[in-house]
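Novice: Input structure: input14.cif, which contains mmCIF, C-alpha atoms.
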data_upload
#
loop_
_atom_site.label_atom_id
_atom_site.label_comp_id
_atom_site.auth_asym_id
_atom_site.auth_seq_id
_atom_site.Cartn_x
_atom_site.Cartn_y
_atom_site.Cartn_z
CA MET D 987 98.96 76.99 91.12
CA LEU D 988 99.93 80.62 91.66
CA ILE D 989 97.21 83.06 92.63
CA THR D 990 96.92 85.93 90.16
CA GLU D 991 93.80 87.76 91.32
CA LEU D 992 92.74 89.59 94.45
CA ASN D 993 89.31 90.40 95.73
CA LEU D 994 88.13 92.10 98.84
CA ALA D 995 84.57 92.86 99.93
CA LEU D 996 83.20 94.92 102.77
CA PRO D 997 81.53 92.76 105.46
CA ALA D 998 77.88 91.89 104.92
CA TRP D 999 76.69 94.14 107.77
CA LEU D 1000 78.36 97.15 106.14
CA ARG D 1001 77.24 96.33 102.61
CA GLN D 1002 73.72 96.15 104.01
CA GLN D 1003 74.07 99.58 105.64
CA LEU D 1004 75.48 101.15 102.50
CA SER D 1005 72.72 99.79 100.27
CA THR D 1006 70.83 102.92 101.37
CA PRO D 1007 73.39 105.73 101.06
CA PRO D 1008 73.47 107.79 104.26
CA ALA D 1009 72.23 111.38 104.29
CA SER D 1010 74.96 113.94 103.79
CA LEU D 1011 76.73 115.04 106.99
CA PRO D 1012 77.65 118.73 106.81
CA ASP D 1013 79.81 118.72 109.91
CA THR D 1014 83.18 117.00 110.35
CA GLU D 1015 82.34 115.84 113.88
CA GLN D 1016 79.16 114.20 112.60
CA ARG D 1017 81.19 112.40 109.96
CA MET D 1018 83.68 111.25 112.55
CA ALA D 1019 80.93 109.98 114.86
CA TRP D 1020 79.55 107.97 111.94
CA VAL D 1021 83.00 106.52 111.19
CA LEU D 1022 83.63 105.65 114.85
CA GLN D 1023 80.33 103.80 114.91
CA LEU D 1024 81.55 101.71 111.97
CA ALA D 1025 84.74 100.86 113.86
CA ARG D 1026 82.67 99.70 116.84
CA GLN D 1027 80.48 97.57 114.61
CA ASN D 1028 83.58 96.03 113.05
CA ILE D 1029 84.74 94.96 116.53
CA ARG D 1030 81.37 93.61 117.58
CA ALA D 1031 80.81 91.73 114.33
CA GLY D 1032 84.31 90.24 114.59
CA THR D 1033 85.16 91.30 111.05
CA GLY D 1034 88.49 93.00 111.74
CA GLY D 1035 90.53 95.44 113.76
CA PRO D 1036 89.12 98.49 115.59
CA PHE D 1037 89.42 100.90 112.69
CA ALA D 1038 87.15 102.55 110.14
CA ALA D 1039 87.53 105.31 107.57
CA ALA D 1040 85.43 107.07 104.98
CA VAL D 1041 85.79 109.54 102.12
CA PHE D 1042 83.33 112.44 101.96
CA ASP D 1043 82.90 115.17 99.40
CA ALA D 1044 82.72 118.88 100.26
CA GLU D 1045 78.97 118.65 100.90
CA GLY D 1046 79.43 115.76 103.31
CA GLN D 1047 78.12 113.14 100.94
CA LEU D 1048 79.69 109.74 101.48
CA ILE D 1049 81.82 108.56 98.55
CA ALA D 1050 83.19 105.37 100.11
CA ALA D 1051 83.53 103.68 103.49
CA GLY D 1052 86.03 101.13 104.73
CA VAL D 1053 86.78 99.11 107.82
CA ASN D 1054 89.87 97.19 108.79
CA LEU D 1055 89.68 93.76 107.15
CA VAL D 1056 93.12 92.31 107.93
CA LEU D 1057 91.79 89.38 109.95
CA SER D 1058 88.79 88.53 107.79
CA SER D 1059 90.55 88.98 104.43
CA GLY D 1060 93.95 87.58 105.36
CA LEU D 1061 95.61 90.64 103.79
CA SER D 1062 97.98 92.73 105.92
CA CYS D 1063 97.34 95.80 103.76
CA ALA D 1064 93.57 95.76 104.26
CA HIS D 1065 93.58 98.72 106.62
CA ALA D 1066 90.45 100.87 106.82
CA GLU D 1067 92.06 103.82 105.03
CA MET D 1068 93.37 101.65 102.17
CA VAL D 1069 89.93 100.12 101.72
CA ALA D 1070 88.11 103.47 101.82
CA LEU D 1071 90.54 105.20 99.45
CA SER D 1072 90.50 102.32 96.97
CA LEU D 1073 86.70 102.15 96.98
CA ALA D 1074 86.56 105.93 96.49
CA GLU D 1075 88.89 105.67 93.51
CA ARG D 1076 86.72 102.96 91.99
CA GLN D 1077 83.60 105.01 92.73
CA LEU D 1078 85.04 108.10 91.02
CA GLN D 1079 86.81 106.00 88.38
CA HIS D 1080 90.20 107.59 88.83
CA PHE D 1081 93.36 106.80 90.76
CA ASP D 1082 93.90 110.49 91.50
CA LEU D 1083 91.42 111.96 93.97
CA SER D 1084 93.04 115.39 94.01
CA GLY D 1085 91.27 118.56 92.94
CA ARG D 1086 87.87 117.33 94.18
CA GLN D 1087 87.94 118.63 97.77
CA LEU D 1088 87.64 115.17 99.26
CA GLN D 1089 88.10 114.49 102.95
CA LEU D 1090 89.37 111.23 104.44
CA VAL D 1091 87.92 110.74 107.91
CA SER D 1092 89.70 108.00 109.86
CA SER D 1093 88.99 106.64 113.33
CA ALA D 1094 92.73 106.72 114.05
CA GLU D 1095 95.94 108.33 112.86
CA PRO D 1096 97.18 106.45 109.80
CA CYS D 1097 100.10 104.02 110.07
CA VAL D 1098 103.15 104.50 107.85
CA MET D 1099 101.60 102.51 104.99
CA CYS D 1100 98.33 104.43 105.08
CA LEU D 1101 100.14 107.77 105.22
CA GLY D 1102 101.77 106.73 101.97
CA ALA D 1103 98.40 105.76 100.54
CA VAL D 1104 96.97 109.17 101.50
CA HIS D 1105 99.91 110.79 99.70
CA TRP D 1106 99.29 108.81 96.49
CA ALA D 1107 95.50 109.17 96.55
CA GLY D 1108 95.70 112.94 96.92
CA VAL D 1109 92.70 113.69 99.12
CA SER D 1110 92.44 117.34 100.16
CA GLU D 1111 92.01 116.75 103.87
CA LEU D 1112 92.86 114.08 106.43
CA VAL D 1113 90.96 114.05 109.72
CA TYR D 1114 91.51 111.48 112.46
CA ALA D 1115 90.33 110.76 116.01
CA ALA D 1116 92.71 108.56 118.03
CA CYS D 1117 96.38 109.47 117.75
CA ASP D 1118 99.39 107.32 116.97
CA GLU D 1119 100.27 106.86 120.64
CA ASP D 1120 96.73 105.69 121.39
CA VAL D 1121 96.98 102.98 118.74
CA ARG D 1122 100.43 101.88 119.87
CA ALA D 1123 99.20 101.80 123.47
CA ILE D 1124 96.98 98.80 122.71
CA GLY D 1125 99.87 97.00 121.00
CA PHE D 1126 99.81 97.81 117.30
CA ASP D 1127 103.23 98.49 115.75
CA GLU D 1128 102.38 101.35 113.42
CA GLY D 1129 105.78 101.40 111.79
CA TYR D 1130 108.51 103.96 111.59
CA LYS D 1131 106.93 107.33 110.80
CA PRO D 1132 108.81 110.60 110.43
CA GLN D 1133 107.91 112.92 113.34
CA ASP D 1134 106.95 115.69 110.95
CA TRP D 1135 104.83 113.68 108.50
CA ALA D 1136 101.89 116.08 108.88
CA ALA D 1137 104.05 119.03 107.90
CA ALA D 1138 105.16 117.13 104.80
CA LEU D 1139 101.55 116.48 103.74
CA ARG D 1140 100.65 120.10 104.48
CA GLY D 1141 103.56 121.11 102.28
CA HIS D 1142 101.72 119.32 99.45
CA GLY D 1143 98.64 121.43 100.12
CA MET D 1144 96.74 118.86 102.19
CA ARG D 1145 94.90 119.84 105.38
CA VAL D 1146 95.60 117.59 108.36
CA VAL D 1147 93.25 117.76 111.36
CA PRO D 1148 94.26 115.56 114.30
CA GLY D 1149 92.29 114.45 117.34
CA VAL D 1150 88.68 115.12 116.26
CA LEU D 1151 86.61 113.18 118.85
CA ARG D 1152 89.87 111.72 120.11
CA GLU D 1153 88.40 110.47 123.40
CA GLU D 1154 85.66 108.60 121.54
CA GLY D 1155 88.34 107.19 119.25
CA ARG D 1156 90.35 105.98 122.24
CA ALA D 1157 87.22 104.40 123.70
CA VAL D 1158 86.83 102.30 120.53
CA LEU D 1159 90.40 101.06 120.89
CA SER D 1160 89.79 100.27 124.57
CA GLU D 1161 86.72 98.24 123.69
CA TYR D 1162 88.81 96.15 121.28
CA ARG D 1163 91.46 95.52 123.91
CA THR D 1164 88.87 94.68 126.56
CA HIS D 1165 87.30 92.12 124.25
CA GLY D 1166 90.69 90.52 123.59
CA GLY D 1167 90.82 91.54 119.95
CA ALA D 1168 93.83 90.20 118.02
CA ILE D 1169 96.86 92.45 117.60
CA TYR D 1170 97.99 91.45 114.12
CA ASN D 1171 101.55 92.76 113.92
CA ALA D 1172 103.87 90.74 111.72
CA GLY D 1173 106.23 88.65 113.85
CA MET D 1174 109.39 90.00 112.23
CA GLU D 1175 111.57 88.22 114.77
CA ALA D 1176 115.30 88.37 114.22
CA PRO D 1177 116.28 85.25 112.25
CA MET U 60 75.10 103.08 94.34
CA LEU U 61 78.18 102.83 96.53
CA ILE U 62 80.86 100.37 95.53
CA THR U 63 81.57 97.82 98.28
CA GLU U 64 83.91 95.36 96.61
CA LEU U 65 87.37 95.53 95.10
CA ASN U 66 89.03 93.25 92.63
CA LEU U 67 92.39 93.35 90.98
CA ALA U 68 93.90 90.89 88.52
CA LEU U 69 97.37 90.59 87.07
CA PRO U 70 97.50 91.45 83.35
CA ALA U 71 96.72 88.64 80.92
CA TRP U 72 100.32 88.41 79.70
CA LEU U 73 101.55 87.79 83.25
CA ARG U 74 98.77 85.37 84.17
CA GLN U 75 99.73 83.42 81.06
CA GLN U 76 103.39 83.31 82.11
CA LEU U 77 102.55 82.22 85.63
CA SER U 78 100.29 79.41 84.49
CA THR U 79 103.51 77.40 84.32
CA PRO U 80 105.34 78.23 87.56
CA PRO U 81 108.93 79.23 86.82
CA ALA U 82 111.82 76.99 87.89
CA SER U 83 113.32 77.96 91.24
CA LEU U 84 116.05 80.59 91.07
CA PRO U 85 118.72 79.91 93.69
CA ASP U 86 120.53 83.21 93.24
CA THR U 87 119.26 86.66 94.22
CA GLU U 88 120.62 88.26 91.04
CA GLN U 89 118.76 85.72 88.93
CA ARG U 90 115.59 86.55 90.79
CA MET U 91 116.15 90.25 90.25
CA ALA U 92 116.80 89.76 86.54
CA TRP U 93 113.49 87.89 86.29
CA VAL U 94 111.67 90.69 88.14
CA LEU U 95 113.25 93.40 85.96
CA GLN U 96 112.08 91.52 82.89
CA LEU U 97 108.53 91.68 84.28
CA ALA U 98 108.85 95.44 84.73
CA ARG U 99 109.96 95.80 81.10
CA GLN U 100 107.05 93.70 79.90
CA ASN U 101 104.67 95.85 81.95
CA ILE U 102 105.95 98.93 80.12
CA ARG U 103 105.78 97.34 76.68
CA ALA U 104 102.32 95.88 77.24
CA GLY U 105 101.08 99.26 78.51
CA THR U 106 99.64 97.70 81.64
CA GLY U 107 101.18 100.05 84.22
CA GLY U 108 104.19 101.81 85.61
CA PRO U 109 107.80 100.59 85.24
CA PHE U 110 107.83 98.47 88.38
CA ALA U 111 107.66 94.78 89.28
CA ALA U 112 108.16 92.75 92.44
CA ALA U 113 108.04 89.14 93.54
CA VAL U 114 108.13 87.05 96.69
CA PHE U 115 110.44 84.03 96.77
CA ASP U 116 110.98 81.38 99.41
CA ALA U 117 114.40 80.38 100.74
CA GLU U 118 114.89 77.89 97.88
CA GLY U 119 114.11 80.53 95.28
CA GLN U 120 110.69 79.19 94.45
CA LEU U 121 108.29 81.90 93.35
CA ILE U 122 105.40 82.45 95.76
CA ALA U 123 103.81 85.47 94.05
CA ALA U 124 104.59 88.10 91.43
CA GLY U 125 103.23 91.59 90.96
CA VAL U 126 103.56 94.50 88.59
CA ASN U 127 102.47 98.09 88.96
CA LEU U 128 98.80 98.30 88.00
CA VAL U 129 97.92 101.89 88.96
CA LEU U 130 97.00 102.94 85.43
CA SER U 131 95.18 99.80 84.36
CA SER U 132 93.32 99.25 87.63
CA GLY U 133 92.59 102.86 88.52
CA LEU U 134 93.87 102.26 92.04
CA SER U 135 96.66 104.46 93.39
CA CYS U 136 97.73 101.75 95.84
CA ALA U 137 98.27 99.10 93.15
CA HIS U 138 102.05 99.29 93.34
CA ALA U 139 104.04 96.20 92.39
CA GLU U 140 105.10 95.46 95.97
CA MET U 141 101.54 95.76 97.31
CA VAL U 142 100.30 93.40 94.62
CA ALA U 143 103.09 90.85 95.16
CA LEU U 144 102.78 90.88 98.97
CA SER U 145 98.99 90.59 98.86
CA LEU U 146 99.10 87.71 96.39
CA ALA U 147 101.75 85.99 98.55
CA GLU U 148 99.52 86.35 101.60
CA ARG U 149 96.61 84.83 99.71
CA GLN U 150 98.86 82.07 98.38
CA LEU U 151 100.09 81.19 101.88
CA GLN U 152 96.69 81.92 103.43
CA HIS U 153 97.98 84.22 106.13
CA PHE U 154 98.36 87.96 106.59
CA ASP U 155 101.65 87.45 108.44
CA LEU U 156 104.52 86.31 106.21
CA SER U 157 107.10 86.36 109.00
CA GLY U 158 109.00 83.29 110.17
CA ARG U 159 109.05 81.77 106.66
CA GLN U 160 112.31 83.22 105.31
CA LEU U 161 110.57 84.99 102.46
CA GLN U 162 112.33 87.52 100.26
CA LEU U 163 110.65 90.45 98.51
CA VAL U 164 112.55 91.31 95.32
CA SER U 165 111.54 94.67 93.89
CA SER U 166 112.70 96.41 90.73
CA ALA U 167 112.98 99.67 92.70
CA GLU U 168 113.24 100.95 96.23
CA PRO U 169 109.78 100.99 97.81
CA CYS U 170 107.89 104.26 98.22
CA VAL U 171 106.66 105.29 101.66
CA MET U 172 103.42 103.31 101.31
CA CYS U 173 105.19 100.13 100.20
CA LEU U 174 107.74 100.43 103.01
CA GLY U 175 104.78 100.35 105.36
CA ALA U 176 103.36 97.35 103.55
CA VAL U 177 106.71 95.54 103.89
CA HIS U 178 106.63 96.28 107.62
CA TRP U 179 103.12 94.83 108.05
CA ALA U 180 103.70 91.80 105.82
CA GLY U 181 106.84 90.82 107.71
CA VAL U 182 109.00 89.37 104.95
CA SER U 183 112.50 88.41 106.09
CA GLU U 184 114.40 90.22 103.36
CA LEU U 185 113.89 93.17 101.03
CA VAL U 186 116.05 93.44 97.92
CA TYR U 187 115.75 96.19 95.35
CA ALA U 188 117.50 97.39 92.17
CA ALA U 189 116.90 101.08 91.35
CA CYS U 190 117.19 103.45 94.30
CA ASP U 191 114.83 106.14 95.52
CA GLU U 192 116.73 108.90 93.71
CA ASP U 193 116.51 106.96 90.43
CA VAL U 194 112.72 106.73 90.72
CA ARG U 195 112.36 110.39 91.66
CA ALA U 196 114.64 111.34 88.76
CA ILE U 197 111.98 110.28 86.25
CA GLY U 198 109.32 112.27 88.10
CA PHE U 199 107.64 110.01 90.64
CA ASP U 200 106.95 111.60 94.02
CA GLU U 201 107.76 108.71 96.33
CA GLY U 202 106.54 110.48 99.45
CA TYR U 203 108.23 111.59 102.62
CA LYS U 204 110.44 108.74 103.83
CA PRO U 205 112.63 108.84 106.92
CA GLN U 206 116.30 108.84 105.90
CA ASP U 207 117.02 105.86 108.13
CA TRP U 208 114.06 103.66 107.14
CA ALA U 209 116.36 100.72 106.33
CA ALA U 210 117.90 100.83 109.80
CA ALA U 211 114.39 100.76 111.28
CA LEU U 212 113.47 97.64 109.30
CA ARG U 213 116.80 96.03 110.18
CA GLY U 214 116.00 96.77 113.81
CA HIS U 215 112.97 94.52 113.36
CA GLY U 216 115.25 91.72 112.12
CA MET U 217 114.67 92.26 108.40
CA ARG U 218 117.55 92.15 105.93
CA VAL U 219 117.63 95.05 103.46
CA VAL U 220 119.80 94.73 100.35
CA PRO U 221 119.88 97.84 98.13
CA GLY U 222 121.08 98.28 94.57
CA VAL U 223 121.14 94.68 93.27
CA LEU U 224 121.41 95.13 89.47
CA ARG U 225 120.84 98.82 90.02
CA GLU U 226 122.03 99.83 86.55
CA GLU U 227 119.61 97.41 84.93
CA GLY U 228 116.89 98.81 87.20
CA ARG U 229 117.70 102.35 86.09
CA ALA U 230 117.60 101.23 82.46
CA VAL U 231 114.02 100.03 82.95
CA LEU U 232 113.05 103.44 84.34
CA SER U 233 114.77 105.15 81.41
CA GLU U 234 112.86 103.03 78.93
CA TYR U 235 109.59 104.14 80.55
CA ARG U 236 110.55 107.81 80.36
CA THR U 237 111.75 107.47 76.77
CA HIS U 238 108.42 105.95 75.79
CA GLY U 239 106.52 108.81 77.46
CA GLY U 240 105.02 106.65 80.20
CA ALA U 241 102.56 108.44 82.49
CA ILE U 242 103.85 109.78 85.80
CA TYR U 243 100.81 109.19 88.00
CA ASN U 244 101.46 111.38 91.04
CA ALA U 245 98.38 112.77 92.71
CA GLY U 246 97.92 116.44 91.91
CA MET U 247 97.75 117.59 95.51
CA GLU U 248 97.84 121.23 94.50
CA ALA U 249 97.38 123.77 97.22
CA PRO U 250 93.66 124.63 97.34
#
Can you turn what I pasted into structure tokens?

Specialist:
Amino acid sequence: MLITELNLALPAWLRQQLSTPPASLPDTEQRMAWVLQLARQNIRAGTGGPFAAAVFDAEGQLIAAGVNLVLSSGLSCAHAEMVALSLAERQLQHFDLSGRQLQLVSSAEPCVMCLGAVHWAGVSELVYAACDEDVRAIGFDEGYKPQDWAAALRGHGMRVVPGVLREEGRAVLSEYRTHGGAIYNAGMEAP
Amino acid sequence: MLITELNLALPAWLRQQLSTPPASLPDTEQRMAWVLQLARQNIRAGTGGPFAAAVFDAEGQLIAAGVNLVLSSGLSCAHAEMVALSLAERQLQHFDLSGRQLQLVSSAEPCVMCLGAVHWAGVSELVYAACDEDVRAIGFDEGYKPQDWAAALRGHGMRVVPGVLREEGRAVLSEYRTHGGAIYNAGMEAP
């Protein structure tokens, strides 16, 4: 019997938190601190990799939050950014998030897949904490990204803000490594 | 109320077809012809963009099929390859498809997001019909891809086979354009 339907839910601890929508966070660093706290909770609850992301509107109101769910969902594409962007699109009932001054705040620099997702979703701003080299340093293979990907997104009118609370972002990754968290790269061995 | 759950189903016409699993297709061109037929049906049924993809095992048995569902699902990430890979992972109950000699057959060259998804899923072979320039020619902005992305995937041990039934793939794209199908790029206008 072939499977023809997909479903994906945020972990119970996060659904519980979001049942009372958080107060708006006017400042980008506040938003990042909130996102990094989600990434830590995802590690401690054992619900996925050490990553979280969220979409905020211009007033700092949360539109959608996501955490990495690769391990718990069994889906390699269930990265925090993909989850947050998809939930934001469902929340706003449109596949195109552009023209709404939305900000994607991610605990780490997006991998090649998530960069593509950011491109298609059309958020106005991408902000991240830990950088690509920090993520690779704990063993994740983030894929083959063009060196000048940020310039390309900026060329489309998107703001890209790297390294906001980077040290705190690196500390989240370190916690995952220290606790022996799974590094879920595909094997992709030569045949 | 914040949305905390995602779901995505193949269109009814495709679920109906897959209720009887297709006979195995030993030849890659046969598999591509089957996938291109799905892309045409997706256009004619009005269920999404002019793209389809499927995952086959080494004997040519279908593991999962996907079509582009951006318009019908309201999700910008619901590209055919993402849908097919995710359904394959659910079918095989693992986020890592590597080591199983699985082939992803796509009606068109993957965009930057789907290239990343292929990397994370770890299929052994990627085969596509229409090329990047064919997809861009009808107006889709496929994102900023490194010129040598195929070499990078090959460096991970993946086979990449471009242009299988390319003319037929281009004909599918032409049909979509002729019928006035929506080009669903994000706006991403400069603010």

Novice: Onto chain D, please fit chain U by least squares using all C-alpha atoms in order, then return the transformed chain as a short mmCIF file (atom, residue, chain, number, x, y, z; two decimals) with C-alpha atoms, keeping the file's coordinate frame.

Specialist:
data_model
loop_
_atom_site.label_atom_id
_atom_site.label_comp_id
_atom_site.auth_asym_id
_atom_site.auth_seq_id
_atom_site.Cartn_x
_atom_site.Cartn_y
_atom_site.Cartn_z
CA MET U 60 98.94 76.99 91.11
CA LEU U 61 99.92 80.61 91.65
CA ILE U 62 97.20 83.04 92.63
CA THR U 63 96.91 85.94 90.16
CA GLU U 64 93.79 87.75 91.31
CA LEU U 65 92.75 89.59 94.44
CA ASN U 66 89.32 90.40 95.72
CA LEU U 67 88.13 92.11 98.83
CA ALA U 68 84.58 92.87 99.92
CA LEU U 69 83.21 94.91 102.78
CA PRO U 70 81.53 92.76 105.46
CA ALA U 71 77.87 91.89 104.90
CA TRP U 72 76.69 94.13 107.75
CA LEU U 73 78.36 97.15 106.15
CA ARG U 74 77.24 96.34 102.61
CA GLN U 75 73.71 96.15 103.99
CA GLN U 76 74.04 99.58 105.62
CA LEU U 77 75.46 101.15 102.50
CA SER U 78 72.72 99.80 100.27
CA THR U 79 70.84 102.93 101.34
CA PRO U 80 73.40 105.74 101.05
CA PRO U 81 73.47 107.78 104.25
CA ALA U 82 72.21 111.38 104.28
CA SER U 83 74.96 113.94 103.80
CA LEU U 84 76.71 115.04 106.98
CA PRO U 85 77.65 118.72 106.79
CA ASP U 86 79.81 118.71 109.91
CA THR U 87 83.18 117.01 110.35
CA GLU U 88 82.34 115.84 113.87
CA GLN U 89 79.17 114.20 112.60
CA ARG U 90 81.19 112.41 109.96
CA MET U 91 83.68 111.25 112.56
CA ALA U 92 80.93 109.99 114.85
CA TRP U 93 79.54 107.96 111.94
CA VAL U 94 83.00 106.52 111.19
CA LEU U 95 83.63 105.64 114.86
CA GLN U 96 80.32 103.80 114.91
CA LEU U 97 81.55 101.72 111.97
CA ALA U 98 84.73 100.86 113.87
CA ARG U 99 82.65 99.70 116.85
CA GLN U 100 80.47 97.57 114.62
CA ASN U 101 83.58 96.03 113.06
CA ILE U 102 84.73 94.97 116.53
CA ARG U 103 81.35 93.61 117.58
CA ALA U 104 80.80 91.74 114.32
CA GLY U 105 84.30 90.23 114.57
CA THR U 106 85.16 91.31 111.05
CA GLY U 107 88.50 93.01 111.75
CA GLY U 108 90.53 95.44 113.76
CA PRO U 109 89.11 98.48 115.60
CA PHE U 110 89.44 100.90 112.70
CA ALA U 111 87.15 102.55 110.15
CA ALA U 112 87.53 105.31 107.58
CA ALA U 113 85.43 107.07 104.99
CA VAL U 114 85.78 109.53 102.13
CA PHE U 115 83.34 112.44 101.96
CA ASP U 116 82.90 115.18 99.39
CA ALA U 117 82.73 118.88 100.25
CA GLU U 118 78.98 118.65 100.91
CA GLY U 119 79.44 115.75 103.30
CA GLN U 120 78.11 113.14 100.93
CA LEU U 121 79.68 109.74 101.47
CA ILE U 122 81.81 108.56 98.56
CA ALA U 123 83.19 105.37 100.12
CA ALA U 124 83.53 103.67 103.50
CA GLY U 125 86.03 101.13 104.73
CA VAL U 126 86.78 99.11 107.83
CA ASN U 127 89.87 97.18 108.80
CA LEU U 128 89.67 93.76 107.16
CA VAL U 129 93.12 92.30 107.93
CA LEU U 130 91.78 89.37 109.94
CA SER U 131 88.79 88.52 107.77
CA SER U 132 90.54 88.98 104.43
CA GLY U 133 93.95 87.59 105.34
CA LEU U 134 95.61 90.64 103.80
CA SER U 135 97.98 92.72 105.92
CA CYS U 136 97.34 95.79 103.76
CA ALA U 137 93.56 95.75 104.27
CA HIS U 138 93.58 98.71 106.64
CA ALA U 139 90.45 100.86 106.82
CA GLU U 140 92.05 103.81 105.03
CA MET U 141 93.37 101.65 102.18
CA VAL U 142 89.93 100.12 101.72
CA ALA U 143 88.10 103.47 101.83
CA LEU U 144 90.54 105.21 99.46
CA SER U 145 90.50 102.32 96.99
CA LEU U 146 86.71 102.14 96.98
CA ALA U 147 86.55 105.93 96.50
CA GLU U 148 88.90 105.67 93.53
CA ARG U 149 86.73 102.96 92.00
CA GLN U 150 83.60 105.00 92.74
CA LEU U 151 85.04 108.09 91.03
CA GLN U 152 86.80 106.00 88.38
CA HIS U 153 90.19 107.59 88.83
CA PHE U 154 93.36 106.80 90.76
CA ASP U 155 93.90 110.49 91.49
CA LEU U 156 91.43 111.96 93.98
CA SER U 157 93.05 115.40 94.02
CA GLY U 158 91.27 118.58 92.93
CA ARG U 159 87.89 117.32 94.20
CA GLN U 160 87.95 118.63 97.78
CA LEU U 161 87.65 115.17 99.26
CA GLN U 162 88.11 114.48 102.95
CA LEU U 163 89.39 111.22 104.44
CA VAL U 164 87.93 110.73 107.92
CA SER U 165 89.70 108.00 109.87
CA SER U 166 88.99 106.63 113.33
CA ALA U 167 92.74 106.72 114.07
CA GLU U 168 95.93 108.31 112.86
CA PRO U 169 97.18 106.44 109.80
CA CYS U 170 100.10 104.02 110.08
CA VAL U 171 103.14 104.50 107.86
CA MET U 172 101.61 102.50 104.99
CA CYS U 173 98.32 104.43 105.09
CA LEU U 174 100.15 107.77 105.22
CA GLY U 175 101.76 106.73 101.96
CA ALA U 176 98.40 105.75 100.55
CA VAL U 177 96.98 109.17 101.51
CA HIS U 178 99.90 110.79 99.70
CA TRP U 179 99.28 108.81 96.49
CA ALA U 180 95.49 109.17 96.56
CA GLY U 181 95.71 112.94 96.93
CA VAL U 182 92.71 113.69 99.12
CA SER U 183 92.45 117.34 100.16
CA GLU U 184 92.01 116.74 103.87
CA LEU U 185 92.87 114.08 106.44
CA VAL U 186 90.98 114.04 109.73
CA TYR U 187 91.52 111.49 112.46
CA ALA U 188 90.33 110.76 116.02
CA ALA U 189 92.72 108.55 118.04
CA CYS U 190 96.39 109.47 117.76
CA ASP U 191 99.40 107.32 116.98
CA GLU U 192 100.28 106.87 120.66
CA ASP U 193 96.73 105.68 121.40
CA VAL U 194 96.99 102.97 118.73
CA ARG U 195 100.44 101.88 119.87
CA ALA U 196 99.20 101.80 123.47
CA ILE U 197 96.98 98.80 122.70
CA GLY U 198 99.86 97.00 121.00
CA PHE U 199 99.82 97.83 117.30
CA ASP U 200 103.22 98.49 115.74
CA GLU U 201 102.38 101.35 113.41
CA GLY U 202 105.79 101.40 111.77
CA TYR U 203 108.53 103.97 111.58
CA LYS U 204 106.93 107.33 110.78
CA PRO U 205 108.80 110.61 110.42
CA GLN U 206 107.91 112.92 113.32
CA ASP U 207 106.96 115.70 110.93
CA TRP U 208 104.83 113.67 108.49
CA ALA U 209 101.88 116.08 108.87
CA ALA U 210 104.05 119.04 107.89
CA ALA U 211 105.16 117.12 104.79
CA LEU U 212 101.55 116.48 103.73
CA ARG U 213 100.64 120.10 104.47
CA GLY U 214 103.54 121.11 102.26
CA HIS U 215 101.72 119.32 99.44
CA GLY U 216 98.62 121.44 100.13
CA MET U 217 96.74 118.86 102.20
CA ARG U 218 94.91 119.84 105.37
CA VAL U 219 95.60 117.58 108.36
CA VAL U 220 93.25 117.76 111.36
CA PRO U 221 94.27 115.55 114.31
CA GLY U 222 92.29 114.47 117.35
CA VAL U 223 88.68 115.12 116.26
CA LEU U 224 86.63 113.19 118.86
CA ARG U 225 89.87 111.72 120.11
CA GLU U 226 88.39 110.47 123.39
CA GLU U 227 85.66 108.61 121.54
CA GLY U 228 88.36 107.19 119.25
CA ARG U 229 90.35 105.98 122.25
CA ALA U 230 87.21 104.40 123.70
CA VAL U 231 86.82 102.31 120.54
CA LEU U 232 90.41 101.07 120.91
CA SER U 233 89.78 100.27 124.57
CA GLU U 234 86.70 98.25 123.70
CA TYR U 235 88.80 96.16 121.29
CA ARG U 236 91.46 95.50 123.91
CA THR U 237 88.86 94.68 126.56
CA HIS U 238 87.29 92.13 124.25
CA GLY U 239 90.69 90.51 123.58
CA GLY U 240 90.83 91.54 119.93
CA ALA U 241 93.82 90.19 118.00
CA ILE U 242 96.85 92.44 117.59
CA TYR U 243 97.98 91.44 114.11
CA ASN U 244 101.54 92.76 113.90
CA ALA U 245 103.88 90.74 111.73
CA GLY U 246 106.25 88.66 113.82
CA MET U 247 109.41 90.00 112.23
CA GLU U 248 111.60 88.25 114.77
CA ALA U 249 115.31 88.41 114.24
CA PRO U 250 116.30 85.28 112.28
#

Novice: May I ask for the distance between atom CA of D:Ile1049 and atom CA of D:Ser1110, given in Å to one decimal place?

Specialist: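 Separation of atom CA of D:Ile1049 and atom CA of D:Ser1110: 13.9 Å.
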
Novice: Quick one: which residues from chain D are at most 7 Å off chain U, using only C-alpha atoms, as a PyMOL selection string?

Specialist: chain D and resi 988-996+1001+1004+1050+1056+1060-1063+1072-1073+1075-1077+1079-1082+1084+1098-1103+1105-1108+1129-1130+1132+1138+1142-1144+1171-1177

Novice: Taking the file as shown, what set of residues would the PyMOL selection byres ((chain U and resi 83-97) around 6) give back, as a VMD selection string?

Specialist: chain U and resid 82 98 to 100 111 to 112 119 to 120 166

Novice: Could you tell me how far atom CA of U:Ala188 sits from atom CA of U:Glu226, in Å to one decimal place?

Specialist: 7.6 Å

Novice: Identify the residues around (90.3, 90.2, 123.8) within a radius of 12 Å, measuring from only C-alpha atoms in the coordinates stated by the file, and give them as a PyMOL selection string.

Specialist: chain D and resi 1029-1030+1032+1035-1036+1124+1159-1169

Novice: Separation of atom CA of U:Leu128 and atom CA of U:Leu163, in Å?

Specialist: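 According to the coordinates, atom CA of U:Leu128 and atom CA of U:Leu163 are separated by 17.7 Å.
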